[in-house]
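Q: Sharing input-v2.cif, mmCIF, C-alpha atoms:
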data_query
#
loop_
_atom_site.label_atom_id
_atom_site.label_comp_id
_atom_site.auth_asym_id
_atom_site.auth_seq_id
_atom_site.Cartn_x
_atom_site.Cartn_y
_atom_site.Cartn_z
CA MET A 9 0.26 -22.76 5.35
CA ASN A 10 3.03 -24.22 3.19
CA LEU A 11 3.19 -22.20 -0.03
CA ARG A 12 6.92 -21.61 -0.46
CA SER A 13 7.14 -24.02 -3.41
CA ASP A 14 4.69 -21.83 -5.36
CA PHE A 15 7.28 -19.04 -5.49
CA PRO A 16 10.21 -19.78 -7.83
CA ILE A 17 12.70 -17.41 -6.18
CA LEU A 18 12.09 -19.07 -2.80
CA ALA A 19 11.92 -22.61 -4.14
CA ARG A 20 15.31 -22.14 -5.82
CA ASN A 21 16.88 -20.59 -2.72
CA PRO A 22 15.99 -22.76 0.28
CA ASP A 23 18.28 -20.76 2.58
CA LEU A 24 16.69 -17.42 1.67
CA HIS A 25 14.50 -15.95 4.40
CA TYR A 26 12.59 -13.11 2.76
CA LEU A 27 11.13 -10.80 5.40
CA ASP A 28 10.58 -7.62 3.38
CA SER A 29 7.14 -8.15 1.88
CA ALA A 30 5.91 -4.77 3.09
CA ALA A 31 8.33 -3.29 0.54
CA THR A 32 7.46 -5.74 -2.23
CA SER A 33 6.16 -9.29 -2.26
CA GLN A 34 7.55 -12.26 -4.11
CA LYS A 35 5.57 -13.59 -7.09
CA PRO A 36 3.99 -17.04 -7.40
CA GLN A 37 4.42 -19.08 -10.55
CA VAL A 38 0.82 -18.46 -11.61
CA VAL A 39 1.49 -14.70 -11.79
CA LEU A 40 4.67 -15.15 -13.80
CA ASP A 41 2.83 -17.54 -16.10
CA ALA A 42 -0.02 -15.07 -16.63
CA LEU A 43 2.41 -12.31 -17.55
CA ARG A 44 4.33 -14.47 -19.97
CA GLU A 45 1.17 -15.94 -21.50
CA PHE A 46 -0.24 -12.50 -22.24
CA TYR A 47 2.88 -11.48 -24.14
CA GLU A 48 3.11 -14.83 -25.92
CA THR A 49 -0.54 -15.17 -26.95
CA SER A 50 -2.44 -11.87 -26.59
CA ASN A 51 -0.01 -8.99 -26.94
CA ALA A 52 -1.67 -6.05 -28.70
CA ASN A 53 -2.76 -2.55 -27.75
CA PRO A 54 -6.19 -2.66 -26.08
CA HIS A 55 -8.92 -0.39 -27.49
CA ARG A 56 -6.76 0.51 -30.49
CA GLY A 57 -7.45 -2.14 -33.09
CA ALA A 58 -10.37 -3.78 -34.87
CA TYR A 59 -8.37 -6.96 -35.42
CA SER A 60 -8.93 -10.05 -33.28
CA LEU A 61 -5.66 -9.90 -31.35
CA SER A 62 -6.43 -6.37 -30.12
CA VAL A 63 -9.97 -7.45 -29.24
CA ARG A 64 -8.53 -10.33 -27.20
CA ALA A 65 -6.16 -7.97 -25.34
CA THR A 66 -9.07 -5.62 -24.65
CA GLU A 67 -11.19 -8.44 -23.26
CA LEU A 68 -8.42 -9.65 -20.96
CA TYR A 69 -7.78 -6.11 -19.74
CA HIS A 70 -11.44 -5.55 -18.86
CA GLN A 71 -11.76 -8.98 -17.29
CA ALA A 72 -8.75 -8.19 -15.09
CA ARG A 73 -10.35 -4.94 -13.92
CA ALA A 74 -13.59 -6.72 -13.03
CA LEU A 75 -11.79 -9.47 -11.10
CA ILE A 76 -9.61 -7.05 -9.11
CA ALA A 77 -12.60 -4.78 -8.37
CA GLY A 78 -14.57 -7.73 -7.08
CA PHE A 79 -11.67 -8.81 -4.87
CA LEU A 80 -11.59 -5.32 -3.31
CA GLY A 81 -15.36 -5.05 -2.87
CA VAL A 82 -16.13 -2.57 -5.65
CA ARG A 83 -19.49 -3.20 -7.33
CA ASP A 84 -18.88 -0.54 -9.99
CA SER A 85 -15.65 -1.77 -11.58
CA ASP A 86 -15.38 1.36 -13.74
CA CYS A 87 -14.52 3.20 -10.52
CA LEU A 88 -11.24 1.27 -10.34
CA ILE A 89 -8.62 3.35 -12.13
CA PHE A 90 -5.41 1.51 -12.98
CA THR A 91 -2.28 3.43 -11.93
CA ARG A 92 1.38 2.56 -11.44
CA GLY A 93 0.65 2.01 -7.74
CA THR A 94 -0.41 3.64 -4.50
CA THR A 95 1.83 6.67 -4.88
CA GLU A 96 0.42 7.59 -8.28
CA GLY A 97 -3.12 6.99 -7.07
CA LEU A 98 -2.72 9.35 -4.13
CA ASN A 99 -1.02 11.96 -6.31
CA LEU A 100 -3.91 11.65 -8.75
CA VAL A 101 -6.38 12.63 -6.04
CA ALA A 102 -4.21 15.49 -4.79
CA GLY A 103 -3.40 16.75 -8.28
CA SER A 104 -6.94 16.46 -9.64
CA TRP A 105 -9.59 16.76 -6.91
CA GLY A 106 -7.30 18.67 -4.59
CA TRP A 107 -6.12 21.20 -7.14
CA ALA A 108 -9.69 21.83 -8.30
CA ASN A 109 -11.28 22.10 -4.85
CA VAL A 110 -8.83 23.18 -2.16
CA GLU A 111 -8.60 26.94 -1.63
CA SER A 112 -6.69 29.38 0.53
CA GLY A 113 -7.82 29.10 4.14
CA ASP A 114 -8.96 25.51 3.83
CA GLU A 115 -7.42 22.80 6.01
CA ILE A 116 -5.85 19.46 5.06
CA ILE A 117 -5.28 16.82 7.72
CA VAL A 118 -2.86 13.90 7.53
CA THR A 119 -1.49 11.74 10.35
CA ALA A 120 1.94 11.26 11.88
CA LEU A 121 1.61 7.59 10.92
CA ASP A 122 1.41 8.20 7.17
CA HIS A 123 3.80 7.05 4.48
CA HIS A 124 5.35 9.97 2.60
CA ALA A 125 3.16 9.09 -0.40
CA ASN A 126 0.06 10.17 1.54
CA PHE A 127 1.79 13.00 3.38
CA VAL A 128 3.92 14.96 0.92
CA PRO A 129 1.34 15.41 -1.90
CA TRP A 130 -1.02 17.06 0.57
CA GLN A 131 1.77 19.09 2.16
CA VAL A 132 2.76 20.40 -1.28
CA LEU A 133 -0.86 21.10 -2.26
CA ALA A 134 -1.45 23.02 0.96
CA ALA A 135 1.65 25.16 0.36
CA ARG A 136 0.66 25.92 -3.23
CA LYS A 137 -2.94 26.71 -2.40
CA GLY A 138 -2.41 28.60 0.82
CA ALA A 139 -4.26 25.95 2.84
CA THR A 140 -3.40 25.00 6.41
CA PHE A 141 -1.61 21.66 6.75
CA ARG A 142 -2.36 19.82 10.00
CA ILE A 143 -0.97 16.59 11.44
CA CYS A 144 -3.00 14.30 13.68
CA GLU A 145 -0.74 13.00 16.43
CA LEU A 146 -0.41 9.47 17.80
CA THR A 147 -0.97 7.64 21.05
CA THR A 148 1.94 6.14 22.98
CA ASP A 149 1.48 2.79 21.22
CA GLU A 150 1.66 4.25 17.69
CA ARG A 151 -2.04 4.53 16.90
CA ILE A 152 -3.90 7.52 15.48
CA ASP A 153 -5.10 9.69 18.37
CA LEU A 154 -8.82 9.85 17.64
CA ASP A 155 -9.42 12.51 20.27
CA HIS A 156 -6.87 14.74 18.59
CA LEU A 157 -8.43 14.03 15.20
CA ALA A 158 -11.84 15.08 16.51
CA ARG A 159 -10.35 18.36 17.72
CA LEU A 160 -8.70 19.02 14.35
CA VAL A 161 -11.65 18.35 12.05
CA GLY A 162 -13.90 21.33 11.45
CA ALA A 163 -15.84 23.39 8.95
CA ARG A 164 -12.71 24.39 6.98
CA THR A 165 -11.40 20.83 6.67
CA LYS A 166 -11.34 19.79 3.00
CA VAL A 167 -9.24 16.60 3.10
CA VAL A 168 -8.46 13.94 5.70
CA ALA A 169 -5.81 11.49 4.49
CA PHE A 170 -4.65 8.43 6.45
CA ASN A 171 -3.32 4.94 5.93
CA HIS A 172 -5.39 1.83 6.51
CA VAL A 173 -2.29 0.08 7.87
CA SER A 174 1.06 1.58 8.83
CA ASN A 175 3.87 0.27 6.69
CA ALA A 176 6.36 1.18 9.42
CA VAL A 177 4.83 -0.38 12.55
CA GLY A 178 1.86 -2.40 11.26
CA THR A 179 -0.91 -0.54 13.11
CA ILE A 180 -4.36 -1.25 11.63
CA ASN A 181 -6.25 2.00 11.86
CA PRO A 182 -9.94 2.13 12.89
CA VAL A 183 -11.45 3.28 9.59
CA THR A 184 -15.02 3.19 10.90
CA ASP A 185 -14.15 5.56 13.76
CA ILE A 186 -12.16 7.89 11.50
CA VAL A 187 -15.00 8.06 8.97
CA ARG A 188 -17.54 8.77 11.72
CA ILE A 189 -15.48 11.61 13.22
CA VAL A 190 -14.88 13.25 9.85
CA ARG A 191 -18.46 12.90 8.58
CA GLU A 192 -19.94 14.27 11.81
CA ASN A 193 -17.75 17.37 11.82
CA SER A 194 -17.04 18.34 8.20
CA ASP A 195 -17.71 17.86 4.50
CA ALA A 196 -14.10 16.76 3.92
CA ILE A 197 -13.15 13.97 1.59
CA LEU A 198 -11.49 10.87 3.06
CA VAL A 199 -8.44 9.49 1.27
CA CYS A 200 -7.18 6.08 2.39
CA ASP A 201 -3.76 4.62 1.61
CA GLY A 202 -4.47 0.91 1.22
CA ALA A 203 -0.99 -0.25 0.21
CA GLN A 204 -0.63 -2.38 3.34
CA SER A 205 -4.24 -3.51 3.75
CA ALA A 206 -5.22 -4.86 0.33
CA PRO A 207 -2.52 -7.58 0.47
CA HIS A 208 -3.23 -8.77 3.99
CA PHE A 209 -6.91 -8.96 4.94
CA PRO A 210 -10.39 -8.64 3.40
CA VAL A 211 -11.12 -5.16 2.06
CA SER A 212 -14.47 -3.90 0.76
CA PHE A 213 -14.25 -0.39 -0.61
CA ASP A 214 -18.02 -0.05 -0.83
CA ALA A 215 -18.29 -0.73 2.91
CA LEU A 216 -15.30 1.34 4.11
CA GLY A 217 -17.04 4.70 3.82
CA VAL A 218 -14.01 6.51 2.38
CA ASP A 219 -14.04 8.49 -0.87
CA PHE A 220 -10.76 7.24 -2.32
CA TYR A 221 -8.64 4.14 -1.72
CA ALA A 222 -5.26 3.50 -3.37
CA PHE A 223 -3.29 0.24 -3.55
CA SER A 224 -0.22 -1.34 -5.16
CA GLY A 225 -0.14 -4.64 -7.04
CA HIS A 226 3.48 -5.50 -6.29
CA LYS A 227 2.77 -5.73 -2.56
CA MET A 228 0.02 -8.31 -3.12
CA LEU A 229 1.91 -10.87 -5.25
CA GLY A 230 1.44 -8.94 -8.51
CA PRO A 231 4.04 -7.33 -10.76
CA MET A 232 5.65 -3.96 -10.22
CA GLY A 233 4.20 -0.99 -12.11
CA ILE A 234 0.49 -1.70 -11.62
CA GLY A 235 -1.92 -0.67 -8.90
CA GLY A 236 -5.10 1.26 -8.61
CA LEU A 237 -7.16 4.10 -7.28
CA ILE A 238 -10.76 3.39 -6.31
CA GLY A 239 -13.08 6.34 -5.99
CA LYS A 240 -16.75 7.09 -5.68
CA ARG A 241 -18.28 7.61 -9.11
CA VAL A 242 -19.75 11.01 -8.34
CA MET A 243 -16.35 12.28 -7.31
CA LEU A 244 -14.40 10.74 -10.17
CA GLU A 245 -16.85 12.14 -12.70
CA SER A 246 -16.51 15.64 -11.25
CA MET A 247 -12.70 15.61 -11.29
CA PRO A 248 -10.57 16.96 -14.14
CA PRO A 249 -8.15 14.54 -15.81
CA TYR A 250 -4.80 13.97 -14.14
CA GLN A 251 -2.98 13.37 -17.45
CA THR A 252 -4.09 13.84 -21.04
CA GLY A 253 -3.60 11.92 -24.26
CA GLY A 254 -4.54 8.61 -25.77
CA ASP A 255 -7.67 6.75 -24.79
CA MET A 256 -8.78 9.23 -22.12
CA ILE A 257 -9.96 11.54 -24.90
CA GLU A 258 -13.48 11.53 -26.35
CA PHE A 259 -13.05 14.16 -29.09
CA VAL A 260 -10.40 16.77 -29.91
CA HIS A 261 -11.78 19.97 -31.41
CA ASP A 262 -9.48 22.73 -32.61
CA ASP A 263 -10.24 24.83 -29.54
CA ARG A 264 -11.20 22.29 -26.87
CA THR A 265 -11.17 18.62 -25.94
CA THR A 266 -13.78 16.43 -24.27
CA TRP A 267 -13.02 13.48 -22.01
CA ASN A 268 -13.86 9.80 -22.20
CA VAL A 269 -16.06 8.00 -19.64
CA LEU A 270 -14.75 6.22 -16.56
CA PRO A 271 -12.37 4.51 -16.12
CA HIS A 272 -10.66 5.66 -19.34
CA LYS A 273 -10.81 9.34 -18.34
CA PHE A 274 -7.91 8.79 -15.94
CA GLU A 275 -5.93 6.21 -17.91
CA ALA A 276 -3.96 8.23 -20.45
CA GLY A 277 -1.69 6.42 -22.88
CA THR A 278 -1.27 2.73 -23.61
CA PRO A 279 -2.85 0.59 -20.87
CA ASN A 280 -0.58 -1.62 -18.79
CA ALA A 281 -2.64 -4.60 -19.89
CA ALA A 282 -0.11 -7.36 -19.26
CA ASN A 283 0.47 -6.29 -15.66
CA ALA A 284 -3.26 -5.92 -15.09
CA VAL A 285 -3.76 -9.50 -16.23
CA ALA A 286 -0.93 -10.67 -13.97
CA LEU A 287 -2.39 -8.74 -11.02
CA ALA A 288 -5.72 -10.45 -11.65
CA ALA A 289 -3.90 -13.77 -11.40
CA ALA A 290 -2.40 -12.62 -8.10
CA VAL A 291 -5.74 -11.69 -6.54
CA ASP A 292 -7.21 -14.98 -7.80
CA TYR A 293 -4.37 -16.78 -6.02
CA LEU A 294 -5.03 -14.81 -2.81
CA ALA A 295 -8.75 -15.46 -3.06
CA GLY A 296 -7.98 -19.17 -3.33
CA ILE A 297 -6.11 -19.00 -0.03
CA GLY A 298 -8.76 -16.81 1.62
CA MET A 299 -7.89 -13.41 3.08
CA ASP A 300 -9.06 -14.40 6.56
CA ARG A 301 -6.46 -17.18 6.45
CA VAL A 302 -3.82 -14.75 5.25
CA ILE A 303 -4.19 -12.39 8.21
CA ALA A 304 -4.51 -15.28 10.68
CA HIS A 305 -1.27 -16.78 9.35
CA GLU A 306 0.53 -13.44 9.61
CA ARG A 307 -0.62 -12.80 13.16
CA SER A 308 0.57 -16.23 14.21
CA LEU A 309 3.99 -15.41 12.79
CA ILE A 310 4.02 -11.93 14.34
CA SER A 311 3.23 -13.36 17.78
CA ARG A 312 6.02 -15.89 17.42
CA ALA A 313 8.47 -13.27 16.16
CA GLN A 314 7.68 -10.83 18.97
CA GLU A 315 8.11 -13.59 21.53
CA ARG A 316 11.52 -14.55 20.14
CA LEU A 317 12.78 -11.00 19.63
CA SER A 318 11.59 -9.76 23.02
CA ALA A 319 13.80 -12.37 24.67
CA ILE A 320 16.91 -10.81 23.12
CA GLU A 321 18.77 -8.26 25.22
CA GLY A 322 18.30 -4.66 24.10
CA VAL A 323 15.49 -5.24 21.60
CA ARG A 324 12.57 -2.82 21.58
CA ILE A 325 9.46 -3.55 19.50
CA TYR A 326 7.20 -0.73 18.27
CA GLY A 327 3.47 -0.72 17.61
CA PRO A 328 0.33 -2.33 19.04
CA PRO A 329 -0.10 -6.00 20.02
CA PRO A 330 -0.02 -8.69 17.25
CA ALA A 331 -3.81 -9.07 17.28
CA GLU A 332 -4.18 -5.42 16.30
CA ARG A 333 -1.64 -5.18 13.50
CA SER A 334 -0.87 -6.50 10.04
CA GLY A 335 2.25 -8.45 9.06
CA VAL A 336 4.98 -6.09 10.30
CA VAL A 337 7.33 -6.19 13.28
CA SER A 338 9.40 -3.01 13.65
CA PHE A 339 12.20 -2.98 16.21
CA THR A 340 15.54 -1.60 17.33
CA MET A 341 18.47 -3.15 19.17
CA SER A 342 20.40 -1.01 21.64
CA ASP A 343 23.89 0.03 20.51
CA VAL A 344 23.34 -1.43 17.00
CA HIS A 345 22.23 0.76 14.11
CA PRO A 346 19.40 -0.84 12.09
CA HIS A 347 21.54 -0.71 8.93
CA ASP A 348 24.30 -2.70 10.69
CA LEU A 349 21.69 -5.13 11.95
CA ALA A 350 20.34 -5.63 8.43
CA THR A 351 23.88 -6.24 7.12
CA VAL A 352 24.55 -8.95 9.69
CA LEU A 353 21.19 -10.58 8.95
CA ASP A 354 21.87 -10.47 5.22
CA GLY A 355 24.98 -12.54 5.85
CA GLU A 356 22.69 -15.15 7.39
CA GLY A 357 20.32 -15.13 4.41
CA VAL A 358 17.68 -13.02 6.20
CA CYS A 359 16.23 -10.08 4.27
CA ILE A 360 14.79 -7.28 6.39
CA ARG A 361 14.30 -3.55 5.79
CA ALA A 362 16.22 -0.93 7.75
CA GLY A 363 15.62 2.81 7.60
CA HIS A 364 12.86 5.33 8.09
CA HIS A 365 10.45 3.37 5.84
CA CYS A 366 9.31 6.54 4.07
CA ALA A 367 7.81 7.63 7.38
CA GLN A 368 10.18 10.28 8.71
CA PRO A 369 7.47 12.15 10.68
CA LEU A 370 6.80 8.90 12.56
CA MET A 371 10.50 8.27 13.21
CA ARG A 372 10.80 11.73 14.77
CA ARG A 373 7.94 10.91 17.11
CA LEU A 374 9.57 7.60 18.01
CA ASP A 375 12.79 9.56 18.62
CA VAL A 376 14.86 7.20 16.47
CA PRO A 377 16.61 7.78 13.12
CA ALA A 378 15.44 4.40 11.82
CA THR A 379 14.08 1.00 12.77
CA ALA A 380 14.62 -2.52 11.52
CA ARG A 381 11.49 -4.07 10.04
CA ALA A 382 10.59 -7.69 9.41
CA SER A 383 7.43 -8.16 7.38
CA PHE A 384 5.65 -11.45 6.80
CA TYR A 385 3.43 -12.88 4.11
CA VAL A 386 1.81 -16.08 2.91
CA TYR A 387 5.09 -17.83 2.02
CA ASN A 388 6.77 -17.30 5.40
CA ASP A 389 6.88 -19.85 8.20
CA GLU A 390 8.52 -20.43 11.58
CA ARG A 391 11.84 -21.31 9.96
CA ASP A 392 12.09 -17.71 8.83
CA ILE A 393 11.52 -16.54 12.41
CA ASP A 394 14.13 -18.97 13.70
CA ALA A 395 16.65 -17.60 11.19
CA LEU A 396 15.75 -14.01 12.16
CA ALA A 397 16.21 -14.73 15.86
CA ALA A 398 19.50 -16.55 15.28
CA GLY A 399 20.78 -13.66 13.18
CA MET A 400 19.77 -11.16 15.84
CA LEU A 401 21.66 -13.12 18.50
CA LYS A 402 24.72 -13.16 16.24
CA ALA A 403 24.46 -9.38 15.81
CA ARG A 404 24.18 -8.95 19.58
CA GLU A 405 27.29 -11.06 20.04
CA ILE A 406 29.28 -9.21 17.36
CA PHE A 407 28.50 -5.75 18.65
CA SER A 408 28.86 -6.72 22.31
CA TYR A 409 32.34 -8.05 21.50
CA ALA A 410 33.19 -4.90 19.50
CA ALA A 411 32.20 -2.73 22.44
CA SER A 412 34.24 -4.67 24.95
#
Step by step, read the file and then write its structure as structure tokens.
A:
Amino acid sequence: MNLRSDFPILARNPDLHYLDSAATSQKPQVVLDALREFYETSNANPHRGAYSLSVRATELYHQARALIAGFLGVRDSDCLIFTRGTTEGLNLVAGSWGWANVESGDEIIVTALDHHANFVPWQVLAARKGATFRICELTTDERIDLDHLARLVGARTKVVAFNHVSNAVGTINPVTDIVRIVRENSDAILVCDGAQSAPHFPVSFDALGVDFYAFSGHKMLGPMGIGGLIGKRVMLESMPPYQTGGDMIEFVHDDRTTWNVLPHKFEAGTPNAANAVALAAAVDYLAGIGMDRVIAHERSLISRAQERLSAIEGVRIYGPPPAERSGVVSFTMSDVHPHDLATVLDGEGVCIRAGHHCAQPLMRRLDVPATARASFYVYNDERDIDALAAGMLKAREIFSYAAS
């Protein structure tokens, strides 16, 4: 797969090795063109005007929703709510469904693998509602412990939240098994953080069996500030609005207000139409590649990266084997803090992430303050791995010399 030339920032910087796509992806020219074209030819407020330019903006906005919904396997596109991203989508569920339905004595379950965005909202809700907050622990290779989950789920369980893929170690969680355990033992809702799955392999919400699925556009070649929450219609229709004002309103009486139909009920204010159109261009680009090819390409790179990194003295790699993970390699090097490692690599033109990756509960269980993380995507190739390995060897040399 040789797509680097499709990405202006990479094409203009041949010595840049961008290995931080789990944080945010680079943008292909077609996405940048779609964003610019909307503002140059179709910029108006959707749903607000009877004039032709507003009608055109409205059409493009709705077409974008339909295209993105189809890409993510949602037959009912009105059940795709545009948000700023995964974090807002998960907070929407916690702040709307959770606030309306969770009561004192209920139980909320998250996992030790979760990103803070699918951990903290439920932790806060539990504290405010007097619910019990439980954490499903992990196996020794950083997977959700399904036996522990089965012991946790019971009649008082109201919410089970988990990520489809770990942003910190790349583990792909067994959604089918999680859904089966929860459905067999409770009436809890299932909330899935899809930030790291939607960009990397085929996803069909209608087949997943979860109640809610949130994702971010900027991690899947789209612009920042757009993402979505997908929910089952019966649940979305029963939920109170998350925010009020603008097009989510049906009618304002002096003493009460009624709400618009889906998806508008949860999209208060001016729609982010330009970014929706650009995200549609991104998923069209990904569809053109084929999501099976995307994950196959990533796993080839992960295997190569693990082989090269494992040969370096003092390197420890976290997570399951390459065939059971998405495009992330998380690692540490003995006697070198991940932040120092990232600084040395930056000097070699290699961009990695160092830190707790918004997964502090996981870091505590790994017994490390942080890890270094290289994450791969469609524009990466073996030259990026070669640069990563060379930079790691340089770091080993620098810090071995400093210690001597």
Q: Set the distance at 8 Å and use all atoms listed in the file: which residues neighbour segment 394-401 of chain A once local chain neighbours fewer than 2 positions away are removed? I'd like the list as a list of chain:residue names.
A: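 The neighbour list is A:His25, A:Ala313, A:Arg316, A:Leu317, A:Ile320, A:Leu349, A:Val352, A:Leu353, A:Glu356, A:Val358, A:Glu390, A:Arg391, A:Asp392, A:Ala403, A:Arg404, A:Glu405.
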Q: Between atom CA of Ala382 of chain A and atom CA of Val337 of chain A, what is the distance, to one decimal in Å?
A: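 That distance, rounded to one decimal, is 5.3 Å.
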Q: Go through the shown structure with the PyMOL selection byres ((chain A and resi 42) around 12) and write out the matching residues as a PyMOL selection string.
A: chain A and resi 35-41+43-51+68+72+230-231+281-290+292-293
Q: How many Å lie between atom CA of Val132 of chain A and atom CA of Gly253 of chain A, rounded to one decimal?
A: 25.3 Å
Q: Could you tell me which residues the PyMOL selection byres ((chain A and resi 110-125) around 9) returns for this structure, as an mmCIF file with C-alpha atoms, in the coordinates of the input?
A:
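Result file is selection.cif:
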data_model
loop_
_atom_site.group_PDB
_atom_site.id
_atom_site.type_symbol
_atom_site.label_atom_id
_atom_site.label_comp_id
_atom_site.auth_asym_id
_atom_site.auth_seq_id
_atom_site.Cartn_x
_atom_site.Cartn_y
_atom_site.Cartn_z
ATOM 1 C CA THR A 94 -0.410 3.640 -4.500
ATOM 2 C CA THR A 95 1.830 6.670 -4.880
ATOM 3 C CA GLU A 96 0.420 7.590 -8.280
ATOM 4 C CA LEU A 98 -2.720 9.350 -4.130
ATOM 5 C CA ASN A 99 -1.020 11.960 -6.310
ATOM 6 C CA TRP A 105 -9.590 16.760 -6.910
ATOM 7 C CA GLY A 106 -7.300 18.670 -4.590
ATOM 8 C CA TRP A 107 -6.120 21.200 -7.140
ATOM 9 C CA ALA A 108 -9.690 21.830 -8.300
ATOM 10 C CA ASN A 109 -11.280 22.100 -4.850
ATOM 11 C CA ASN A 126 0.060 10.170 1.540
ATOM 12 C CA PHE A 127 1.790 13.000 3.380
ATOM 13 C CA VAL A 128 3.920 14.960 0.920
ATOM 14 C CA PRO A 129 1.340 15.410 -1.900
ATOM 15 C CA TRP A 130 -1.020 17.060 0.570
ATOM 16 C CA GLN A 131 1.770 19.090 2.160
ATOM 17 C CA LEU A 133 -0.860 21.100 -2.260
ATOM 18 C CA ALA A 134 -1.450 23.020 0.960
ATOM 19 C CA ARG A 136 0.660 25.920 -3.230
ATOM 20 C CA LYS A 137 -2.940 26.710 -2.400
ATOM 21 C CA GLY A 138 -2.410 28.600 0.820
ATOM 22 C CA ALA A 139 -4.260 25.950 2.840
ATOM 23 C CA THR A 140 -3.400 25.000 6.410
ATOM 24 C CA PHE A 141 -1.610 21.660 6.750
ATOM 25 C CA ARG A 142 -2.360 19.820 10.000
ATOM 26 C CA ILE A 143 -0.970 16.590 11.440
ATOM 27 C CA CYS A 144 -3.000 14.300 13.680
ATOM 28 C CA GLU A 145 -0.740 13.000 16.430
ATOM 29 C CA LEU A 146 -0.410 9.470 17.800
ATOM 30 C CA GLU A 150 1.660 4.250 17.690
ATOM 31 C CA ARG A 151 -2.040 4.530 16.900
ATOM 32 C CA ILE A 152 -3.900 7.520 15.480
ATOM 33 C CA LEU A 157 -8.430 14.030 15.200
ATOM 34 C CA LEU A 160 -8.700 19.020 14.350
ATOM 35 C CA VAL A 161 -11.650 18.350 12.050
ATOM 36 C CA GLY A 162 -13.900 21.330 11.450
ATOM 37 C CA ALA A 163 -15.840 23.390 8.950
ATOM 38 C CA ARG A 164 -12.710 24.390 6.980
ATOM 39 C CA THR A 165 -11.400 20.830 6.670
ATOM 40 C CA LYS A 166 -11.340 19.790 3.000
ATOM 41 C CA VAL A 167 -9.240 16.600 3.100
ATOM 42 C CA VAL A 168 -8.460 13.940 5.700
ATOM 43 C CA ALA A 169 -5.810 11.490 4.490
ATOM 44 C CA PHE A 170 -4.650 8.430 6.450
ATOM 45 C CA ASN A 171 -3.320 4.940 5.930
ATOM 46 C CA VAL A 173 -2.290 0.080 7.870
ATOM 47 C CA SER A 174 1.060 1.580 8.830
ATOM 48 C CA ASN A 175 3.870 0.270 6.690
ATOM 49 C CA ALA A 176 6.360 1.180 9.420
ATOM 50 C CA VAL A 177 4.830 -0.380 12.550
ATOM 51 C CA THR A 179 -0.910 -0.540 13.110
ATOM 52 C CA ALA A 196 -14.100 16.760 3.920
ATOM 53 C CA ASP A 201 -3.760 4.620 1.610
ATOM 54 C CA HIS A 365 10.450 3.370 5.840
ATOM 55 C CA CYS A 366 9.310 6.540 4.070
ATOM 56 C CA ALA A 367 7.810 7.630 7.380
ATOM 57 C CA GLN A 368 10.180 10.280 8.710
ATOM 58 C CA PRO A 369 7.470 12.150 10.680
ATOM 59 C CA LEU A 370 6.800 8.900 12.560
ATOM 60 C CA ARG A 373 7.940 10.910 17.110
#
Q: Report as an NGL selection string the residues that result from applying the PyMOL selection byres ((chain A and resi 79) around 10) to the structure here.
A: :A and (73-78 or 80-83 or 206 or 210-213 or 288 or 291-292 or 294-295 or 299)
Q: Measure the distance from atom CA of His347 of chain A to atom CA of Arg381 of chain A in Å and round it to one decimal.
A: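 For atom CA of His347 of chain A relative to atom CA of Arg381 of chain A, the distance reads 10.7 Å.
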Q: If we count only C-alpha atoms and set the cut-off at 7 Å, which residues sit around His208 of chain A, ignoring sequence neighbours fewer than 6 positions away in its own chain? Please answer as a list in words.
A: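 Answer for this query is Met299, Val302, Ile303 and Ser334 of chain A.
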Q: May I ask which of the residues A:Ser383, A:Ile234, A:Arg324, A:Pro377 is the closest one to Cys359 of chain A, counting all atoms listed in the file?
A: A:Ser383
Q: My list of candidates is A:His272, A:Phe339, A:Ile189, A:Gly103. Which is closest to Met371 of chain A when distances are computed with all atoms listed in the file?
A: A:Phe339
Q: Quick one: of A:Val218, A:Met232, A:Leu244, A:Leu374, who's nearest to Thr148 of chain A, counting only C-alpha atoms?
A: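 For Thr148 of chain A, the nearest of the candidates is A:Leu374.
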Q: Step by step: start from the point (2.1, -19.1, 2.4) in the file's coordinates, keep every protein, DNA or RNA residue that has an atom no farther than 9 Å from it, count all atoms listed in the file, and write the set as number ranges by chain.
A: A: 9-12, 14, 297, 302, 305, 385-389
Q: Restricting the calculation to all atoms listed in the file, which member of A:Asn280, A:Ile325, A:Pro249, A:Gly355 is positioned closest to Tyr69 of chain A?
A: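 Among A:Asn280, A:Ile325, A:Pro249, A:Gly355, it is A:Asn280 that comes nearest to Tyr69 of chain A.
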Q: Counting all atoms listed in the file, I want the residues whose atoms come within 8 Å of (-11.8, 12.0, -23.8) in the file frame, returned as a count of residues only.
A: 13
Q: Between A:Ile360, A:Val183, A:Leu229, A:Met247, which one has atoms that come closest to Phe15 of chain A, using all atoms listed in the file?
A: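 Nearest to Phe15 of chain A: A:Leu229.
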Q: Between A:Ala319, A:Ala135, A:Ile180, A:Ile393, which is the closest to Ala331 of chain A once you count all atoms listed in the file?
A: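 Under the stated criterion, the closest residue is A:Ile180.
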